[in-house]
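Take a look at the structure below.
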Amino acid sequence: MTIPVGAQAPDFALKDNHGAPVRLSDFRGHRNVVLLFYPFAFTGVCTGELSEIRDRLEQFAERDAQVLAVSNDSIHTLRVFGEQEDLPFPLLSDFWPHGNVSRAYGVFDENKGCAVRGTFVIDRQGVVRATVTSAMADARDAGEYLAALDTL
């Protein structure tokens, strides 16, 4: 079960694609966060979704939102993926302990061993204000995240 709207978003500390630690709580009181879980780097749907976010990143910045993308890939995989696709936002590795953060948000598929497509729009106080989920094969629309940010 995913974290419901109105709940406090679970804090976490994950390393990004450059090995730097990122904590959700670092943004509390400062910025909204769009926390985007995706199955795997280098797959067609995931690449398309993250490329759309990249291409619309200025719209997220205008809404004072930080995009954080999480997968169960290793830091090394995410570094190459981020460089190849020119992704300027943090790609966070939930590799080890495998899927702990994905599980905390209720988006880890135990049978597939990866996160499903789940997005959480989190306000400056750390409260989940909107969620968007879709099947593994179905891309999400970044416009939904922007619309949710407009309500904050």
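Just remember, in the structure tokens the first chain shown is A, the second B, etc., residues are 1-based per chain, and ligands are 1-based in the order shown.
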
Query - Surrounding residues of A:Leu87 excluding itself and chain neighbours under 3 positions, 12 Å, only C-alpha atoms, as a list in words - result: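 Selected residues are Asn17, Ala41, Thr47, Gly48, Glu49, Leu50, Ser51, Glu52, Ile53, Arg54, Asp55, Arg56, Leu57, Val67, Leu68, Ala69, Leu78, Arg79, Val80, Phe81, Gly82, Glu83, Gln84, Pro90 and Leu91 of chain A.
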
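Within the 12 Å cut-off around A:Pro97, using only C-alpha atoms and omitting residues fewer than 2 positions from it on the same chain, the listed residues are Ala13, Leu14, Lys15, Asn72, Asp73, Ser74, Ser93, Asp94, Phe95, Gly99, Asn100, Val101, Ser102 and Arg103 of chain A.
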
Residues of the last selection are to be written out with all heavy atoms, as a CSV table (one decimal), in the first residue's frame.
```
chain,number,residue,atom,x,y,z
A,13,ALA,N,17.8,8.6,3.5
A,13,ALA,CA,19.1,9.0,3.0
A,13,ALA,C,19.6,8.0,2.0
A,13,ALA,O,19.7,6.9,2.3
A,13,ALA,CB,20.1,9.1,4.2
A,14,LEU,N,19.7,8.5,0.8
A,14,LEU,CA,20.2,7.7,-0.3
A,14,LEU,C,21.3,8.4,-1.0
A,14,LEU,O,21.4,9.6,-1.0
A,14,LEU,CB,19.1,7.4,-1.4
A,14,LEU,CG,17.9,6.6,-0.9
A,14,LEU,CD1,16.8,6.5,-2.0
A,14,LEU,CD2,18.4,5.1,-0.6
A,15,LYS,N,22.2,7.7,-1.7
A,15,LYS,CA,23.3,8.3,-2.5
A,15,LYS,C,22.8,8.6,-3.9
A,15,LYS,O,22.0,7.8,-4.5
A,15,LYS,CB,24.5,7.4,-2.5
A,15,LYS,CG,25.2,7.3,-1.1
A,15,LYS,CD,26.5,6.6,-1.2
A,15,LYS,CE,27.1,6.7,0.2
A,15,LYS,NZ,28.4,5.9,0.2
A,72,ASN,N,16.1,1.2,-8.2
A,72,ASN,CA,16.9,0.2,-7.4
A,72,ASN,C,18.2,-0.2,-8.1
A,72,ASN,O,18.8,-1.1,-7.8
A,72,ASN,CB,16.0,-1.1,-7.2
A,72,ASN,CG,14.7,-0.7,-6.5
A,72,ASN,OD1,13.7,-0.9,-7.0
A,72,ASN,ND2,14.8,-0.2,-5.3
A,73,ASP,N,18.6,0.7,-9.1
A,73,ASP,CA,19.9,0.5,-9.8
A,73,ASP,C,21.0,0.9,-8.9
A,73,ASP,O,20.8,1.7,-8.0
A,73,ASP,CB,19.9,1.3,-11.1
A,73,ASP,CG,18.9,0.9,-12.1
A,73,ASP,OD1,19.0,-0.3,-12.5
A,73,ASP,OD2,18.0,1.7,-12.4
A,74,SER,N,22.2,0.5,-9.2
A,74,SER,CA,23.4,0.9,-8.5
A,74,SER,C,23.8,2.3,-8.8
A,74,SER,O,23.4,2.9,-9.9
A,74,SER,CB,24.6,0.0,-8.8
A,74,SER,OG,25.1,0.3,-10.1
A,93,SER,N,19.9,6.0,-5.7
A,93,SER,CA,20.0,4.6,-5.7
A,93,SER,C,19.5,4.0,-4.4
A,93,SER,O,20.0,4.2,-3.3
A,93,SER,CB,21.5,4.2,-5.8
A,93,SER,OG,21.7,2.8,-5.7
A,94,ASP,N,18.4,3.2,-4.6
A,94,ASP,CA,17.8,2.4,-3.6
A,94,ASP,C,18.2,0.9,-3.7
A,94,ASP,O,17.5,0.0,-3.5
A,94,ASP,CB,16.3,2.5,-3.7
A,94,ASP,CG,15.5,2.0,-2.5
A,94,ASP,OD1,16.1,1.8,-1.4
A,94,ASP,OD2,14.3,1.8,-2.6
A,95,PHE,N,19.5,0.8,-4.0
A,95,PHE,CA,20.1,-0.5,-4.3
A,95,PHE,C,20.3,-1.4,-3.1
A,95,PHE,O,20.0,-2.6,-3.1
A,95,PHE,CB,21.4,-0.3,-5.1
A,95,PHE,CG,22.1,-1.6,-5.5
A,95,PHE,CD1,21.5,-2.3,-6.6
A,95,PHE,CD2,23.2,-2.0,-4.9
A,95,PHE,CE1,22.1,-3.5,-7.0
A,95,PHE,CE2,23.8,-3.2,-5.3
A,95,PHE,CZ,23.3,-3.9,-6.4
A,99,GLY,N,15.9,-1.9,-2.1
A,99,GLY,CA,14.5,-1.5,-2.1
A,99,GLY,C,13.9,-1.0,-0.8
A,99,GLY,O,12.7,-0.8,-0.6
A,100,ASN,N,14.7,-0.7,0.2
A,100,ASN,CA,14.2,-0.2,1.5
A,100,ASN,C,13.3,1.0,1.4
A,100,ASN,O,12.3,1.1,2.1
A,100,ASN,CB,15.3,0.0,2.6
A,100,ASN,CG,15.6,-1.3,3.4
A,100,ASN,OD1,15.1,-2.3,3.1
A,100,ASN,ND2,16.5,-1.1,4.3
A,101,VAL,N,13.8,2.0,0.7
A,101,VAL,CA,13.0,3.2,0.6
A,101,VAL,C,11.7,3.0,-0.3
A,101,VAL,O,10.6,3.4,0.1
A,101,VAL,CB,13.8,4.4,0.0
A,101,VAL,CG1,13.0,5.6,-0.2
A,101,VAL,CG2,15.0,4.7,1.0
A,102,SER,N,11.9,2.2,-1.4
A,102,SER,CA,10.7,1.8,-2.2
A,102,SER,C,9.7,1.1,-1.3
A,102,SER,O,8.5,1.4,-1.5
A,102,SER,CB,11.2,1.0,-3.4
A,102,SER,OG,12.2,1.6,-4.1
A,103,ARG,N,10.1,0.3,-0.5
A,103,ARG,CA,9.2,-0.5,0.4
A,103,ARG,C,8.5,0.5,1.4
A,103,ARG,O,7.3,0.4,1.6
A,103,ARG,CB,9.9,-1.5,1.2
A,103,ARG,CG,10.2,-2.8,0.4
A,103,ARG,CD,10.9,-3.9,1.3
A,103,ARG,NE,11.2,-5.0,0.5
A,103,ARG,CZ,12.4,-5.2,-0.1
A,103,ARG,NH1,13.3,-4.3,0.0
A,103,ARG,NH2,12.6,-6.3,-0.8
```

Within 12 Å of stretch 125-138 of chain A: each stretch 24-117 of chain A residue with its shortest pair, only C-alpha atoms, as CSV:
```
residue,atom,partner,partner_atom,distance
A:Leu24,CA,A:Gly126,CA,8.2
A:Ser25,CA,A:Gly126,CA,7.5
A:Asp26,CA,A:Gly126,CA,10.1
A:Phe27,CA,A:Gly126,CA,8.3
A:Arg28,CA,A:Gln125,CA,5.5
A:Gly29,CA,A:Gln125,CA,5.8
A:His30,CA,A:Gln125,CA,8.5
A:Arg31,CA,A:Gln125,CA,8.8
A:Asn32,CA,A:Gly126,CA,8.0
A:Val33,CA,A:Gly126,CA,8.4
A:Val34,CA,A:Ala130,CA,9.5
A:Leu35,CA,A:Thr131,CA,9.5
A:Leu36,CA,A:Val132,CA,9.2
A:Phe37,CA,A:Thr133,CA,9.3
A:Tyr38,CA,A:Met136,CA,8.4
A:Pro39,CA,A:Met136,CA,7.4
A:Phe40,CA,A:Met136,CA,10.2
A:Thr43,CA,A:Ala137,CA,10.2
A:Gly44,CA,A:Ala137,CA,9.3
A:Val45,CA,A:Ala137,CA,6.9
A:Cys46,CA,A:Ala137,CA,9.2
A:Gly48,CA,A:Asp138,CA,10.7
A:Glu49,CA,A:Asp138,CA,9.8
A:Tyr105,CA,A:Val128,CA,10.7
A:Gly106,CA,A:Thr133,CA,10.9
A:Val107,CA,A:Thr133,CA,8.9
A:Phe108,CA,A:Met136,CA,11.5
A:Asp109,CA,A:Met136,CA,10.1
A:Lys112,CA,A:Met136,CA,10.3
A:Cys114,CA,A:Met136,CA,10.1
A:Ala115,CA,A:Met136,CA,9.0
A:Val116,CA,A:Met136,CA,5.9
A:Arg117,CA,A:Thr133,CA,5.5
```

Query raised in the report: How many Å separate atom CA of A:Gly143 from atom CA of A:Glu85?
Result: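 That distance, rounded to one decimal, is 20.4 Å.
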
Query raised in the report: DSSP says alpha helix (DSSP H) for which residues of stretch 53-110 of chain A? Put them as a list in words?
Result: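 Alpha helix (DSSP H) assignments inside stretch 53-110 of chain A correspond to Ile53, Arg54, Asp55, Leu57, Glu58, Gln59, Phe60, Ala61, Glu62, Ile75, His76, Thr77, Leu78, Arg79, Val80, Phe81, Gly82, Glu83, Gln84, Glu85, Asn100, Val101, Ser102, Arg103 and Ala104 of chain A.
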
Query raised in the report: So how many Å separate atom CA of A:Ala142 and atom CA of A:His98, to one decimal?
Result: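 Calculated distance between atom CA of A:Ala142 and atom CA of A:His98 is 26.7 Å.
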
Query raised in the report: So which bits of chain A end up strand (DSSP E) when you DSSP the backbone, as number ranges by chain?
Result: A: 13-16, 21-23, 32-37, 65-71, 91-93, 108-109, 114-115, 117-122, 128-134

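The coordinates place atom CA of A:Ala104 at 25.6 Å from atom CA of A:Pro88.
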
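Of the listed residues A:Asp64, A:Asp11, A:Asp86, A:Glu144, the one whose atoms come nearest to A:Arg124 is A:Asp64, with distances taken using only C-alpha atoms.
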